[in-house]
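**Q** This is upload06.cif, which holds mmCIF, C-alpha atoms and all ligand atoms:
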```cif
data_query
loop_
_atom_site.label_atom_id
_atom_site.label_comp_id
_atom_site.auth_asym_id
_atom_site.auth_seq_id
_atom_site.Cartn_x
_atom_site.Cartn_y
_atom_site.Cartn_z
CA MET A 1044 124.05 -74.57 -23.78
CA LYS A 1045 121.35 -75.64 -26.27
CA LYS A 1046 122.60 -75.23 -29.82
CA LEU A 1047 120.51 -73.44 -32.44
CA LYS A 1048 119.86 -75.65 -35.45
CA GLY A 1049 120.32 -74.09 -38.85
CA ALA A 1050 120.09 -74.97 -42.53
CA LEU A 1051 122.14 -73.59 -45.40
CA ILE A 1052 120.60 -73.11 -48.86
CA GLY A 1053 122.88 -72.95 -51.92
CA CYS A 1054 126.04 -75.10 -51.94
CA GLY A 1055 128.09 -73.11 -54.47
CA PHE A 1056 131.32 -71.12 -54.39
CA PHE A 1057 130.77 -68.74 -51.48
CA ALA A 1058 128.82 -71.21 -49.31
CA GLU A 1059 132.12 -72.87 -48.31
CA ASN A 1060 133.04 -69.69 -46.41
CA HIS A 1061 129.58 -69.61 -44.82
CA ILE A 1062 129.78 -73.17 -43.51
CA LEU A 1063 133.36 -72.81 -42.24
CA ALA A 1064 132.34 -69.59 -40.49
CA TRP A 1065 129.30 -71.29 -38.89
CA LYS A 1066 131.63 -73.95 -37.50
CA GLU A 1067 133.47 -71.20 -35.56
CA LEU A 1068 130.30 -70.41 -33.55
CA LYS A 1069 129.93 -72.73 -30.57
CA ASN A 1070 126.17 -72.25 -30.12
CA ILE A 1071 125.31 -73.28 -33.70
CA GLU A 1072 124.85 -76.52 -35.58
CA ILE A 1073 124.06 -76.55 -39.30
CA ILE A 1074 122.04 -79.75 -39.60
CA CYS A 1075 120.86 -79.54 -43.24
CA VAL A 1076 122.09 -78.25 -46.55
CA CYS A 1077 120.00 -77.78 -49.66
CA ASP A 1078 120.82 -77.19 -53.32
CA LEU A 1079 118.63 -77.57 -56.41
CA ASP A 1080 121.50 -79.73 -57.66
CA ILE A 1081 121.40 -82.71 -55.27
CA LYS A 1082 124.91 -83.81 -56.29
CA LYS A 1083 126.29 -80.49 -55.05
CA ALA A 1084 124.27 -80.78 -51.82
CA ASN A 1085 125.52 -84.35 -51.21
CA LYS A 1086 129.13 -83.42 -51.90
CA PHE A 1087 128.86 -80.43 -49.55
CA LYS A 1088 127.23 -82.63 -46.88
CA SER A 1089 130.13 -85.11 -46.91
CA LYS A 1090 132.86 -82.50 -47.23
CA PHE A 1091 131.63 -80.53 -44.22
CA ASN A 1092 130.18 -83.37 -42.18
CA ILE A 1093 126.53 -82.24 -42.23
CA LEU A 1094 123.69 -84.59 -41.21
CA HIS A 1095 121.21 -84.12 -44.08
CA SER A 1096 121.11 -82.89 -47.70
CA TYR A 1097 118.11 -81.89 -49.82
CA SER A 1098 117.21 -80.48 -53.21
CA SER A 1099 113.82 -79.17 -52.02
CA ILE A 1100 113.54 -76.44 -49.39
CA GLU A 1101 109.92 -77.32 -48.53
CA LEU A 1102 110.74 -81.00 -48.00
CA MET A 1103 113.67 -80.04 -45.76
CA LEU A 1104 111.46 -77.73 -43.66
CA LYS A 1105 108.73 -80.37 -43.36
CA LYS A 1106 111.19 -82.99 -42.10
CA HIS A 1107 113.22 -80.94 -39.60
CA LYS A 1108 112.73 -78.37 -36.88
CA ILE A 1109 115.03 -75.60 -38.03
CA ASP A 1110 115.70 -72.44 -36.00
CA PHE A 1111 117.16 -70.34 -38.85
CA VAL A 1112 118.22 -70.50 -42.47
CA ASP A 1113 121.26 -69.06 -44.23
CA VAL A 1114 120.61 -68.39 -47.94
CA VAL A 1115 123.74 -68.34 -50.13
CA THR A 1116 122.18 -68.23 -53.60
CA THR A 1117 122.29 -65.54 -56.28
CA MET A 1118 119.86 -62.58 -56.25
CA GLU A 1119 117.31 -63.73 -58.85
CA THR A 1120 116.37 -66.72 -56.62
CA HIS A 1121 115.73 -64.70 -53.46
CA LEU A 1122 112.05 -63.78 -53.92
CA ASN A 1123 110.94 -67.39 -54.45
CA ILE A 1124 113.10 -68.67 -51.61
CA GLY A 1125 111.84 -65.83 -49.38
CA LYS A 1126 108.23 -66.79 -50.16
CA ILE A 1127 108.82 -70.32 -48.83
CA LEU A 1128 110.91 -69.40 -45.77
CA SER A 1129 108.61 -66.58 -44.66
CA LYS A 1130 105.57 -68.88 -45.03
CA TYR A 1131 107.26 -71.28 -42.55
CA LYS A 1132 108.28 -68.27 -40.36
CA ILE A 1133 111.97 -69.22 -40.44
CA PRO A 1134 114.39 -66.41 -39.40
CA THR A 1135 116.57 -65.81 -42.45
CA SER A 1136 119.95 -64.42 -43.36
CA ILE A 1137 120.22 -63.86 -47.10
CA GLN A 1138 123.28 -63.01 -49.21
CA LYS A 1139 123.68 -59.76 -51.13
CA PRO A 1140 122.60 -58.52 -53.62
CA PHE A 1141 119.27 -58.77 -51.81
CA ALA A 1142 117.31 -58.76 -55.10
CA GLU A 1143 117.74 -57.88 -58.77
CA ASN A 1144 115.40 -54.87 -58.47
CA LEU A 1145 113.89 -52.73 -55.71
CA SER A 1146 110.39 -54.01 -56.27
CA ASN A 1147 111.37 -57.64 -55.48
CA ALA A 1148 113.42 -56.53 -52.47
CA LYS A 1149 110.38 -54.67 -51.10
CA LYS A 1150 108.18 -57.73 -51.72
CA ILE A 1151 110.55 -59.91 -49.70
CA VAL A 1152 110.59 -57.38 -46.84
CA SER A 1153 106.81 -57.21 -46.71
CA LEU A 1154 106.45 -61.02 -46.73
CA TYR A 1155 108.67 -61.31 -43.66
CA LYS A 1156 106.94 -58.36 -41.98
CA LYS A 1157 103.54 -59.91 -42.58
CA ASN A 1158 104.73 -63.17 -41.01
CA LYS A 1159 106.57 -61.37 -38.17
CA THR A 1160 109.80 -63.18 -39.07
CA PRO A 1161 113.34 -61.72 -38.75
CA LEU A 1162 115.19 -61.10 -42.01
CA MET A 1163 118.79 -59.95 -42.35
CA VAL A 1164 120.83 -59.30 -45.48
CA HIS A 1165 124.32 -60.79 -45.23
CA GLU A 1166 126.03 -57.42 -45.83
CA ASN A 1167 129.46 -58.38 -44.58
CA PHE A 1168 131.81 -55.55 -45.60
CA ARG A 1169 130.84 -53.42 -42.58
CA TRP A 1170 131.72 -56.48 -40.46
CA GLN A 1171 135.29 -56.70 -41.78
CA SER A 1172 137.86 -56.19 -39.00
CA PRO A 1173 139.70 -53.25 -40.67
CA LEU A 1174 136.39 -51.37 -41.11
CA LEU A 1175 135.21 -52.19 -37.59
CA LYS A 1176 138.56 -50.97 -36.27
CA LEU A 1177 138.18 -47.74 -38.28
CA LYS A 1178 134.75 -47.15 -36.73
CA GLU A 1179 136.08 -47.94 -33.26
CA ILE A 1180 138.93 -45.38 -33.59
CA ILE A 1181 136.54 -42.69 -34.94
CA ASN A 1182 134.35 -43.16 -31.87
CA LYS A 1183 137.21 -43.44 -29.38
CA GLU A 1184 139.03 -40.38 -30.77
CA LYS A 1185 135.74 -38.45 -30.99
CA LEU A 1186 136.21 -37.46 -34.64
CA THR A 1187 133.15 -35.34 -35.38
CA LYS A 1188 131.34 -33.54 -38.20
CA PRO A 1189 132.50 -35.55 -41.23
CA HIS A 1190 132.68 -33.61 -44.52
CA TYR A 1191 134.47 -36.03 -46.89
CA ALA A 1192 134.73 -39.76 -47.52
CA LYS A 1193 136.39 -41.74 -50.28
CA ILE A 1194 135.62 -45.44 -50.41
CA SER A 1195 137.54 -47.41 -53.02
CA PHE A 1196 137.63 -51.02 -54.21
CA ARG A 1197 140.05 -51.18 -57.14
CA HIS A 1198 141.98 -54.23 -58.30
CA ALA A 1199 142.89 -56.27 -61.37
CA ASN A 1200 142.81 -59.76 -59.89
CA PRO A 1201 140.74 -62.25 -61.93
CA VAL A 1202 140.15 -64.26 -58.75
CA GLY A 1203 137.62 -61.51 -57.99
CA TYR A 1204 135.31 -62.94 -60.68
CA THR A 1205 136.54 -66.24 -62.14
CA ASN A 1206 134.80 -68.23 -59.38
CA GLN A 1207 131.57 -66.32 -60.06
CA THR A 1208 131.02 -66.78 -63.79
CA TYR A 1209 127.37 -65.63 -63.56
CA LEU A 1210 128.80 -62.10 -63.24
CA TYR A 1211 129.95 -62.01 -66.89
CA ASP A 1212 126.40 -61.89 -68.28
CA LEU A 1213 124.89 -59.31 -65.92
CA LYS A 1214 123.83 -56.12 -67.73
CA GLU A 1215 124.45 -54.39 -64.40
CA TYR A 1216 127.61 -55.80 -62.86
CA LEU A 1217 130.09 -54.03 -60.59
CA THR A 1218 127.78 -51.58 -58.81
CA LEU A 1219 125.28 -54.33 -58.03
CA ASP A 1220 127.92 -56.90 -57.04
CA VAL A 1221 130.45 -54.73 -55.16
CA GLY A 1222 129.02 -51.19 -55.17
CA ILE A 1223 126.25 -52.48 -52.89
CA HIS A 1224 128.88 -53.12 -50.18
CA LEU A 1225 130.56 -49.74 -50.72
CA PHE A 1226 127.28 -47.79 -50.61
CA ASP A 1227 126.45 -49.62 -47.40
CA LEU A 1228 129.84 -48.50 -46.03
CA SER A 1229 129.07 -44.92 -46.99
CA ARG A 1230 125.85 -45.19 -44.96
CA PHE A 1231 127.79 -46.85 -42.10
CA PHE A 1232 130.32 -43.99 -41.85
CA MET A 1233 128.52 -40.93 -43.24
CA GLY A 1234 124.81 -41.59 -42.68
CA GLU A 1235 121.99 -41.54 -45.23
CA ALA A 1236 122.35 -40.18 -48.75
CA LYS A 1237 120.25 -37.49 -50.41
CA SER A 1238 121.52 -37.79 -53.99
CA ILE A 1239 123.90 -39.68 -56.26
CA TYR A 1240 125.74 -38.90 -59.50
CA THR A 1241 127.56 -41.76 -61.26
CA VAL A 1242 129.69 -42.41 -64.34
CA ASN A 1243 130.15 -46.05 -65.44
CA GLN A 1244 132.75 -47.55 -67.78
CA ASN A 1245 133.38 -50.93 -69.33
CA THR A 1246 137.09 -51.74 -69.39
CA ASN A 1247 136.86 -55.52 -69.88
CA ASN A 1248 134.88 -56.94 -72.77
CA LYS A 1249 134.37 -60.32 -71.07
CA PHE A 1250 131.62 -58.51 -69.14
CA LYS A 1251 128.29 -57.20 -70.44
CA GLY A 1252 127.94 -54.71 -67.61
CA GLU A 1253 130.12 -51.94 -66.19
CA THR A 1254 133.51 -52.96 -64.79
CA ASP A 1255 134.38 -49.51 -63.36
CA PHE A 1256 132.25 -46.84 -61.75
CA ILE A 1257 132.67 -43.55 -59.90
CA SER A 1258 129.82 -42.18 -57.77
CA LEU A 1259 129.48 -38.90 -55.95
CA ILE A 1260 127.02 -39.02 -53.08
CA ARG A 1261 125.63 -36.00 -51.23
CA ASN A 1262 124.72 -37.06 -47.70
CA ARG A 1263 121.92 -35.69 -45.55
CA ASN A 1264 124.52 -34.25 -43.12
CA ASN A 1265 125.90 -32.25 -46.10
CA SER A 1266 129.07 -34.35 -46.34
CA ILE A 1267 130.19 -35.87 -49.65
CA THR A 1268 131.22 -39.46 -50.37
CA ILE A 1269 133.16 -40.55 -53.43
CA VAL A 1270 132.71 -44.26 -54.10
CA ASP A 1271 134.77 -45.89 -56.83
CA ALA A 1272 135.48 -49.43 -57.95
CA SER A 1273 137.29 -51.14 -60.79
CA ILE A 1274 138.46 -54.58 -61.89
CA SER A 1275 141.07 -53.01 -64.21
CA SER A 1276 143.28 -51.21 -61.71
CA ILE A 1277 146.78 -52.64 -62.16
CA LYS A 1278 149.04 -52.31 -59.12
CA LYS A 1279 151.74 -54.35 -57.48
CA PRO A 1280 150.82 -55.77 -55.04
CA ASP A 1281 147.28 -56.12 -56.33
CA ARG A 1282 144.68 -54.60 -53.98
CA PHE A 1283 142.00 -57.35 -54.08
CA ALA A 1284 139.95 -57.62 -51.81
CA GLN A 1285 140.77 -54.57 -49.77
CA THR A 1286 138.45 -51.63 -49.42
CA LEU A 1287 140.49 -48.46 -48.95
CA VAL A 1288 138.93 -45.53 -47.11
CA ASN A 1289 139.76 -41.85 -46.48
CA LEU A 1290 137.58 -39.92 -44.04
CA GLU A 1291 137.85 -36.25 -43.05
CA PHE A 1292 136.21 -34.63 -40.02
CA SER A 1293 136.24 -31.13 -38.49
CA ASN A 1294 138.91 -32.22 -35.96
CA GLY A 1295 141.04 -34.74 -37.87
CA SER A 1296 141.20 -37.35 -40.57
CA ILE A 1297 141.66 -41.10 -40.79
CA ASP A 1298 142.69 -43.45 -43.62
CA LEU A 1299 142.40 -47.19 -44.09
CA ASP A 1300 145.31 -47.89 -46.39
CA TYR A 1301 146.68 -50.97 -48.15
CA ASN A 1302 147.50 -53.95 -45.90
CA TYR A 1303 145.04 -52.92 -43.19
CA LYS A 1304 147.14 -49.98 -42.05
CA ILE A 1305 145.04 -47.30 -40.36
CA ILE A 1306 146.46 -43.80 -40.04
CA LEU A 1307 144.92 -41.18 -37.78
CA HIS A 1308 145.80 -37.48 -38.09
CA LYS A 1309 144.64 -35.41 -35.12
CA ASN A 1310 146.02 -32.56 -32.96
CA ASN A 1311 149.04 -32.18 -35.29
CA LYS A 1312 150.00 -35.80 -34.64
CA LYS A 1313 149.96 -38.99 -36.72
CA LYS A 1314 149.11 -42.33 -35.12
CA ILE A 1315 149.24 -45.72 -36.84
CA TYR A 1316 146.99 -48.67 -36.04
CA ASP A 1317 146.76 -52.23 -37.33
CA GLY A 1318 143.36 -53.35 -38.68
CA LYS A 1319 144.41 -56.88 -39.72
CA PRO A 1320 141.72 -59.55 -39.75
CA LYS A 1321 142.05 -62.38 -37.20
CA LYS A 1322 143.69 -65.58 -38.39
CA TYR A 1323 141.74 -68.84 -38.72
CA LYS A 1324 143.06 -72.07 -40.27
CA TRP A 1325 140.73 -71.89 -43.29
CA ILE A 1326 141.35 -68.22 -44.08
CA SER A 1327 143.96 -67.06 -46.59
CA LYS A 1328 144.92 -64.08 -48.74
CA PRO A 1329 143.55 -62.42 -50.80
CA TRP A 1330 140.12 -63.33 -49.36
CA ASP A 1331 141.11 -63.14 -45.67
CA GLN A 1332 139.23 -60.01 -44.63
CA ILE A 1333 136.09 -61.11 -46.50
CA GLN A 1334 136.26 -64.64 -45.06
CA GLU A 1335 136.73 -63.41 -41.50
CA SER A 1336 133.83 -60.97 -41.86
CA VAL A 1337 131.48 -63.88 -42.57
CA ILE A 1338 132.03 -65.09 -38.98
CA ASN A 1339 131.30 -61.58 -37.61
CA THR A 1340 128.19 -61.27 -39.81
CA HIS A 1341 126.85 -64.68 -38.72
CA LYS A 1342 127.50 -63.70 -35.10
CA HIS A 1343 125.52 -60.48 -35.52
CA PHE A 1344 122.66 -62.44 -37.12
CA ILE A 1345 122.52 -64.96 -34.24
CA ASP A 1346 123.09 -62.46 -31.39
CA SER A 1347 120.28 -60.24 -32.69
CA LEU A 1348 117.95 -63.26 -32.96
CA ILE A 1349 118.75 -64.40 -29.43
CA ASN A 1350 118.30 -60.89 -28.01
CA ASN A 1351 115.25 -60.22 -30.15
CA ILE A 1352 116.64 -57.03 -31.66
CA GLU A 1353 116.47 -55.75 -35.23
CA HIS A 1354 119.55 -56.56 -37.34
CA ASP A 1355 121.77 -53.60 -38.35
CA THR A 1356 121.45 -54.77 -41.95
CA SER A 1357 117.84 -55.93 -41.82
CA GLY A 1358 116.01 -56.37 -45.13
CA GLU A 1359 114.40 -52.97 -44.59
CA ASP A 1360 117.76 -51.32 -43.94
CA ASN A 1361 119.36 -52.91 -46.99
CA ILE A 1362 116.70 -51.40 -49.25
CA LYS A 1363 118.44 -48.05 -48.64
CA SER A 1364 121.78 -49.41 -49.95
CA LEU A 1365 120.04 -51.16 -52.84
CA SER A 1366 118.21 -47.95 -53.70
CA LEU A 1367 121.60 -46.22 -54.07
CA VAL A 1368 122.63 -48.99 -56.49
CA PHE A 1369 119.61 -48.61 -58.78
CA ASN A 1370 119.68 -44.82 -58.62
CA SER A 1371 123.37 -45.03 -59.52
CA TYR A 1372 122.46 -46.87 -62.74
CA LYS A 1373 119.73 -44.32 -63.41
CA SER A 1374 122.20 -41.47 -62.93
CA ASP A 1375 124.71 -42.98 -65.37
CA LYS A 1376 121.97 -43.57 -67.93
CA LEU A 1377 120.43 -40.09 -67.67
CA ARG A 1378 123.79 -38.36 -67.02
CA LYS A 1379 122.31 -36.49 -64.10
CA GLU A 1380 122.30 -36.29 -60.32
CA ILE A 1381 119.43 -38.35 -58.88
CA LYS A 1382 117.64 -37.50 -55.65
CA ILE A 1383 117.28 -40.45 -53.28
P1 LIG B 1 126.92 -70.09 -56.91
O1 LIG B 1 126.18 -69.97 -58.21
O2 LIG B 1 128.28 -70.69 -56.90
O3 LIG B 1 126.03 -70.92 -55.88
C1 LIG B 1 124.66 -70.75 -55.72
C2 LIG B 1 124.04 -72.12 -55.50
O4 LIG B 1 122.67 -71.91 -55.16
C3 LIG B 1 124.04 -73.00 -56.75
O5 LIG B 1 124.68 -74.23 -56.45
C4 LIG B 1 122.56 -73.20 -57.08
O6 LIG B 1 122.26 -74.48 -57.58
C5 LIG B 1 121.93 -72.98 -55.71
N1 LIG B 1 120.50 -72.59 -55.76
C6 LIG B 1 119.91 -71.65 -56.55
N2 LIG B 1 118.58 -71.59 -56.31
C7 LIG B 1 118.33 -72.50 -55.33
C8 LIG B 1 117.15 -72.90 -54.66
N3 LIG B 1 115.96 -72.38 -54.93
N4 LIG B 1 117.24 -73.87 -53.72
C9 LIG B 1 118.43 -74.44 -53.44
N5 LIG B 1 119.59 -74.10 -54.06
C10 LIG B 1 119.54 -73.14 -54.98
O7 LIG B 1 126.94 -68.62 -56.29
P2 LIG B 1 128.03 -68.00 -55.28
O8 LIG B 1 129.17 -67.49 -56.07
O9 LIG B 1 128.25 -68.93 -54.17
O10 LIG B 1 127.23 -66.71 -54.77
C11 LIG B 1 126.10 -66.80 -53.97
C12 LIG B 1 125.76 -65.39 -53.47
O11 LIG B 1 126.83 -64.97 -52.61
C13 LIG B 1 125.68 -64.33 -54.58
O12 LIG B 1 124.55 -63.52 -54.37
C14 LIG B 1 126.97 -63.54 -54.47
O13 LIG B 1 126.84 -62.17 -54.82
C15 LIG B 1 127.24 -63.66 -53.00
N6 LIG B 1 128.66 -63.46 -52.66
C16 LIG B 1 128.91 -62.65 -51.63
C17 LIG B 1 130.20 -62.38 -51.24
C18 LIG B 1 130.42 -61.48 -50.07
O14 LIG B 1 131.53 -61.14 -49.71
N7 LIG B 1 129.36 -61.05 -49.41
C19 LIG B 1 131.28 -62.93 -51.96
C20 LIG B 1 130.99 -63.78 -53.02
C21 LIG B 1 129.66 -64.06 -53.36
O1 LIG B 2 130.81 -60.92 -55.18
C1 LIG B 2 131.72 -60.02 -54.61
C2 LIG B 2 131.53 -59.71 -53.20
O2 LIG B 2 130.45 -59.60 -52.68
O3 LIG B 2 132.72 -59.51 -52.60
C3 LIG B 2 133.78 -59.73 -53.50
C4 LIG B 2 133.15 -60.46 -54.66
O4 LIG B 2 133.30 -61.85 -54.46
C5 LIG B 2 133.69 -60.07 -56.02
O5 LIG B 2 135.03 -60.18 -56.10
#
```
Written as structure tokens, that's how I'd like the structure from this file.
Ligand code: NAD
Ligand code: 89Y
**A**
Amino acid sequence: MKKLKGALIGCGFFAENHILAWKELKNIEIICVCDLDIKKANKFKSKFNILHSYSSIELMLKKHKIDFVDVVTTMETHLNIGKILSKYKIPTSIQKPFAENLSNAKKIVSLYKKNKTPLMVHENFRWQSPLLKLKEIINKEKLTKPHYAKISFRHANPVGYTNQTYLYDLKEYLTLDVGIHLFDLSRFFMGEAKSIYTVNQNTNNKFKGETDFISLIRNRNNSITIVDASISSIKKPDRFAQTLVNLEFSNGSIDLDYNYKIILHKNNKKKIYDGKPKKYKWISKPWDQIQESVINTHKHFIDSLINNIEHDTSGEDNIKSLSLVFNSYKSDKLRKEIKI
């Protein structure tokens, strides 16, 4: 089998998970890495046994024939990087948050559209094993007509931000950084939203932005989703990085509880399932379900490219999740429900 040759841009904290996940896919070889800081790129190259390292994306693309690029940089860099990659027509997977505002996200989408080049946002929470298992049981058990969802990400573990110090200075923090995943999950389970009402709080003065939020979403199918997140939720054991979910349907309900336990209530019976992520040598708690999902997300990116089908979380699709994020901020600011 001919391997697809990829490049990875951004050799920071989360990129280590990306490269280790790429190494799990047999039909892939990451041949180049690139970081503005060449020392970081060189270190990454030797640590992960990569052939080439660069500090310039254009130079890298001129020197090598690359089938796809994986962008693992922070949001404010995405438009400029997207301009270069779309010009060279390189299929791209790009980390969340897709952009720091909707206007830039739309610009990136239209650049790739114009150049007929595939673009996926690396929205990995819906690719976590416990959430995939939840979806699988809903379908298998034919749970229908959802009316209620609660999607929660609450913890008090500093590991959830100490590796990502850029988060401290964001005027808009938790909704943009984590809410984006949870709104995407609401869309994944409940369909598209028609309005959002949000209340933000700051409970940790190390951060400029909100560190807690609660959102109420009315969905087009008339169901309601409550999304909430916090970095100040003290529990033992701590819940990082587990998304907990409660879903109610006309014929039953299902919960994703702590420790990947899934509980189905249907026909007056309770059934328990295990949604644990798969084990790999490089995966460990508390990041395990996030780390494993990176493999699943990469696989979806590559399979869709090979089969020439649109990605589930294409750039265009992710605009809908990002729109919930910015309307959530608007709602908190205006203290009113905002139509989507
Ligand atoms: P980081 O700051 O540690 O690393 C980013 C790297 O990109 C830096 O080394 C920087 O020099 C490099 N870079 C920036 N612009 C560049 C350019 N034009 N060309 C080449 N290199 C460039 O950031 P991080 O913590 O690794 O986060 C990266 C992204 O991953 C963020 O958007 C973050 O939200 C996201 N992330 C996602 C998850 C998830 O579960 N999906 C988890 C953590 C982080
Ligand atoms: O950046 C965030 C994300 O996308 O998932 C978890 C996270 O790393 C914050 O803890």
**Q** Could you pull the residues within 9 Å of Val1076 in chain A, counting all atoms listed in the file, minus those fewer than 6 positions along the same chain, as a ChimeraX atom specification?
**A** /A:1049-1054,1084-1085,1087-1088,1093-1098,1103
**Q** Taking only C-alpha atoms and all ligand atoms into account, produce a table as JSON lines in which each residue of chain A with an atom at most 10 Å from an atom of ligand LIG 2 (chain B) appears once, together with its shortest atom pair and the distance in Å to one decimal, ordered by chain and rising number.
**A**
```
{"residue": "A:Phe1056", "atom": "CA", "partner": "B:LIG2", "partner_atom": "O4", "distance": 9.5}
{"residue": "A:Phe1057", "atom": "CA", "partner": "B:LIG2", "partner_atom": "O4", "distance": 7.9}
{"residue": "A:Thr1117", "atom": "CA", "partner": "B:LIG2", "partner_atom": "O1", "distance": 9.8}
{"residue": "A:Gln1138", "atom": "CA", "partner": "B:LIG2", "partner_atom": "O2", "distance": 8.7}
{"residue": "A:Lys1139", "atom": "CA", "partner": "B:LIG2", "partner_atom": "O2", "distance": 6.9}
{"residue": "A:Pro1140", "atom": "CA", "partner": "B:LIG2", "partner_atom": "O2", "distance": 8.0}
{"residue": "A:His1165", "atom": "CA", "partner": "B:LIG2", "partner_atom": "O2", "distance": 9.7}
{"residue": "A:Glu1166", "atom": "CA", "partner": "B:LIG2", "partner_atom": "O2", "distance": 8.4}
{"residue": "A:Asn1167", "atom": "CA", "partner": "B:LIG2", "partner_atom": "O2", "distance": 8.3}
{"residue": "A:Phe1168", "atom": "CA", "partner": "B:LIG2", "partner_atom": "O3", "distance": 8.1}
{"residue": "A:Phe1196", "atom": "CA", "partner": "B:LIG2", "partner_atom": "C3", "distance": 9.5}
{"residue": "A:His1198", "atom": "CA", "partner": "B:LIG2", "partner_atom": "O5", "distance": 9.4}
{"residue": "A:Asn1200", "atom": "CA", "partner": "B:LIG2", "partner_atom": "O5", "distance": 8.7}
{"residue": "A:Pro1201", "atom": "CA", "partner": "B:LIG2", "partner_atom": "O5", "distance": 8.4}
{"residue": "A:Val1202", "atom": "CA", "partner": "B:LIG2", "partner_atom": "O5", "distance": 7.1}
{"residue": "A:Gly1203", "atom": "CA", "partner": "B:LIG2", "partner_atom": "O5", "distance": 3.5}
{"residue": "A:Tyr1204", "atom": "CA", "partner": "B:LIG2", "partner_atom": "O5", "distance": 5.4}
{"residue": "A:Thr1205", "atom": "CA", "partner": "B:LIG2", "partner_atom": "O5", "distance": 8.7}
{"residue": "A:Asn1206", "atom": "CA", "partner": "B:LIG2", "partner_atom": "O4", "distance": 8.2}
{"residue": "A:Gln1207", "atom": "CA", "partner": "B:LIG2", "partner_atom": "O1", "distance": 7.3}
{"residue": "A:Leu1210", "atom": "CA", "partner": "B:LIG2", "partner_atom": "O1", "distance": 8.4}
{"residue": "A:Tyr1216", "atom": "CA", "partner": "B:LIG2", "partner_atom": "O1", "distance": 9.8}
{"residue": "A:Leu1217", "atom": "CA", "partner": "B:LIG2", "partner_atom": "C5", "distance": 8.4}
{"residue": "A:Leu1219", "atom": "CA", "partner": "B:LIG2", "partner_atom": "O1", "distance": 9.1}
{"residue": "A:Asp1220", "atom": "CA", "partner": "B:LIG2", "partner_atom": "O1", "distance": 5.3}
{"residue": "A:Val1221", "atom": "CA", "partner": "B:LIG2", "partner_atom": "C2", "distance": 5.5}
{"residue": "A:Gly1222", "atom": "CA", "partner": "B:LIG2", "partner_atom": "O2", "distance": 8.9}
{"residue": "A:Ile1223", "atom": "CA", "partner": "B:LIG2", "partner_atom": "O2", "distance": 8.3}
{"residue": "A:His1224", "atom": "CA", "partner": "B:LIG2", "partner_atom": "O2", "distance": 7.1}
{"residue": "A:Ile1274", "atom": "CA", "partner": "B:LIG2", "partner_atom": "O5", "distance": 8.8}
{"residue": "A:Phe1283", "atom": "CA", "partner": "B:LIG2", "partner_atom": "O5", "distance": 7.8}
{"residue": "A:Ala1284", "atom": "CA", "partner": "B:LIG2", "partner_atom": "C3", "distance": 6.7}
{"residue": "A:Gln1285", "atom": "CA", "partner": "B:LIG2", "partner_atom": "C3", "distance": 9.5}
{"residue": "A:Trp1330", "atom": "CA", "partner": "B:LIG2", "partner_atom": "C3", "distance": 8.4}
{"residue": "A:Ile1333", "atom": "CA", "partner": "B:LIG2", "partner_atom": "O3", "distance": 7.2}
{"residue": "A:Gln1334", "atom": "CA", "partner": "B:LIG2", "partner_atom": "O3", "distance": 9.8}
```
**Q** May I ask for the distance between CA of Asn1262 in chain A and CA of Asn1294 in chain A, given in Å to one decimal place?
**A**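 Result for CA of Asn1262 in chain A versus CA of Asn1294 in chain A: 19.0 Å, one decimal.
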**Q** Report, in Å to a single decimal, how far apart CA of Asn1289 in chain A and CA of Lys1193 in chain A are.
**A**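 So the two atoms, CA of Lys1193 in chain A and CA of Asn1289 in chain A, lie 5.1 Å apart.
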**Q** At what distance in Å, to one decimal, does CA of Ile1349 in chain A lie from CA of Lys1132 in chain A?
**A**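 Separation of CA of Lys1132 in chain A and CA of Ile1349 in chain A: 15.6 Å.
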**Q** Need the shell around range 1176-1189 of chain A: protein/DNA/RNA residues with any atom at most 12 Å away, counting all atoms listed in the file. Skip same-chain ones fewer than 6 positions apart. Format as an MDAnalysis selection string?
**A** chainID A and resid 1169:1170 1228:1229 1231:1234 1262:1268 1286:1300 1303:1310 1314:1321
**Q** With all atoms of ligand LIG 1 (chain B) from the file as input, state the centre and edge lengths in Å to one decimal of the axis-aligned box that has 4 Å extra on each side, as lines of an AutoDock Vina configuration file.
**A**
```
center_x = 123.7
center_y = -67.8
center_z = -53.8
size_x = 23.6
size_y = 21.4
size_z = 16.8
```
**Q** Looking at A:His1190, A:Lys1237, A:His1341, A:Lys1149, which one is nearest to ligand LIG 1 (chain B), with distances taken over all atoms listed in the file?
**A**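 Among A:His1190, A:Lys1237, A:His1341, A:Lys1149, it is A:His1341 that comes nearest to ligand LIG 1 (chain B).
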**Q** Of the candidates A:Glu1119, A:Asp1110, A:Glu1072, A:Glu1067, which shows the shortest atom-to-atom distance to ligand LIG 1 (chain B), using all atoms listed in the file?
**A**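 Going through A:Glu1119, A:Asp1110, A:Glu1072, A:Glu1067 one by one, the smallest distance to ligand LIG 1 (chain B) is for A:Glu1119.
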**Q** Quick one: of A:Leu1154, A:Val1368, A:Leu1225, A:Leu1068, who's nearest to Ser1129 in chain A, counting all atoms listed in the file?
**A**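 So, comparing all the options, the nearest one is A:Leu1154.
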**Q** From the options A:Cys1075, A:Leu1145, A:Pro1161, A:Tyr1211, which residue's atoms come nearest to Ile1352 in chain A, counting all atoms listed in the file?
**A**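 Counting all atoms listed in the file, the residue closest to Ile1352 in chain A is A:Pro1161.
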**Q** Pick out the closest residue to ligand LIG 1 (chain B) from this set: A:Asp1078, A:Glu1380, A:Glu1059, A:Asp1281. Count all atoms listed in the file.
**A**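 Under the stated criterion, the closest residue is A:Asp1078.
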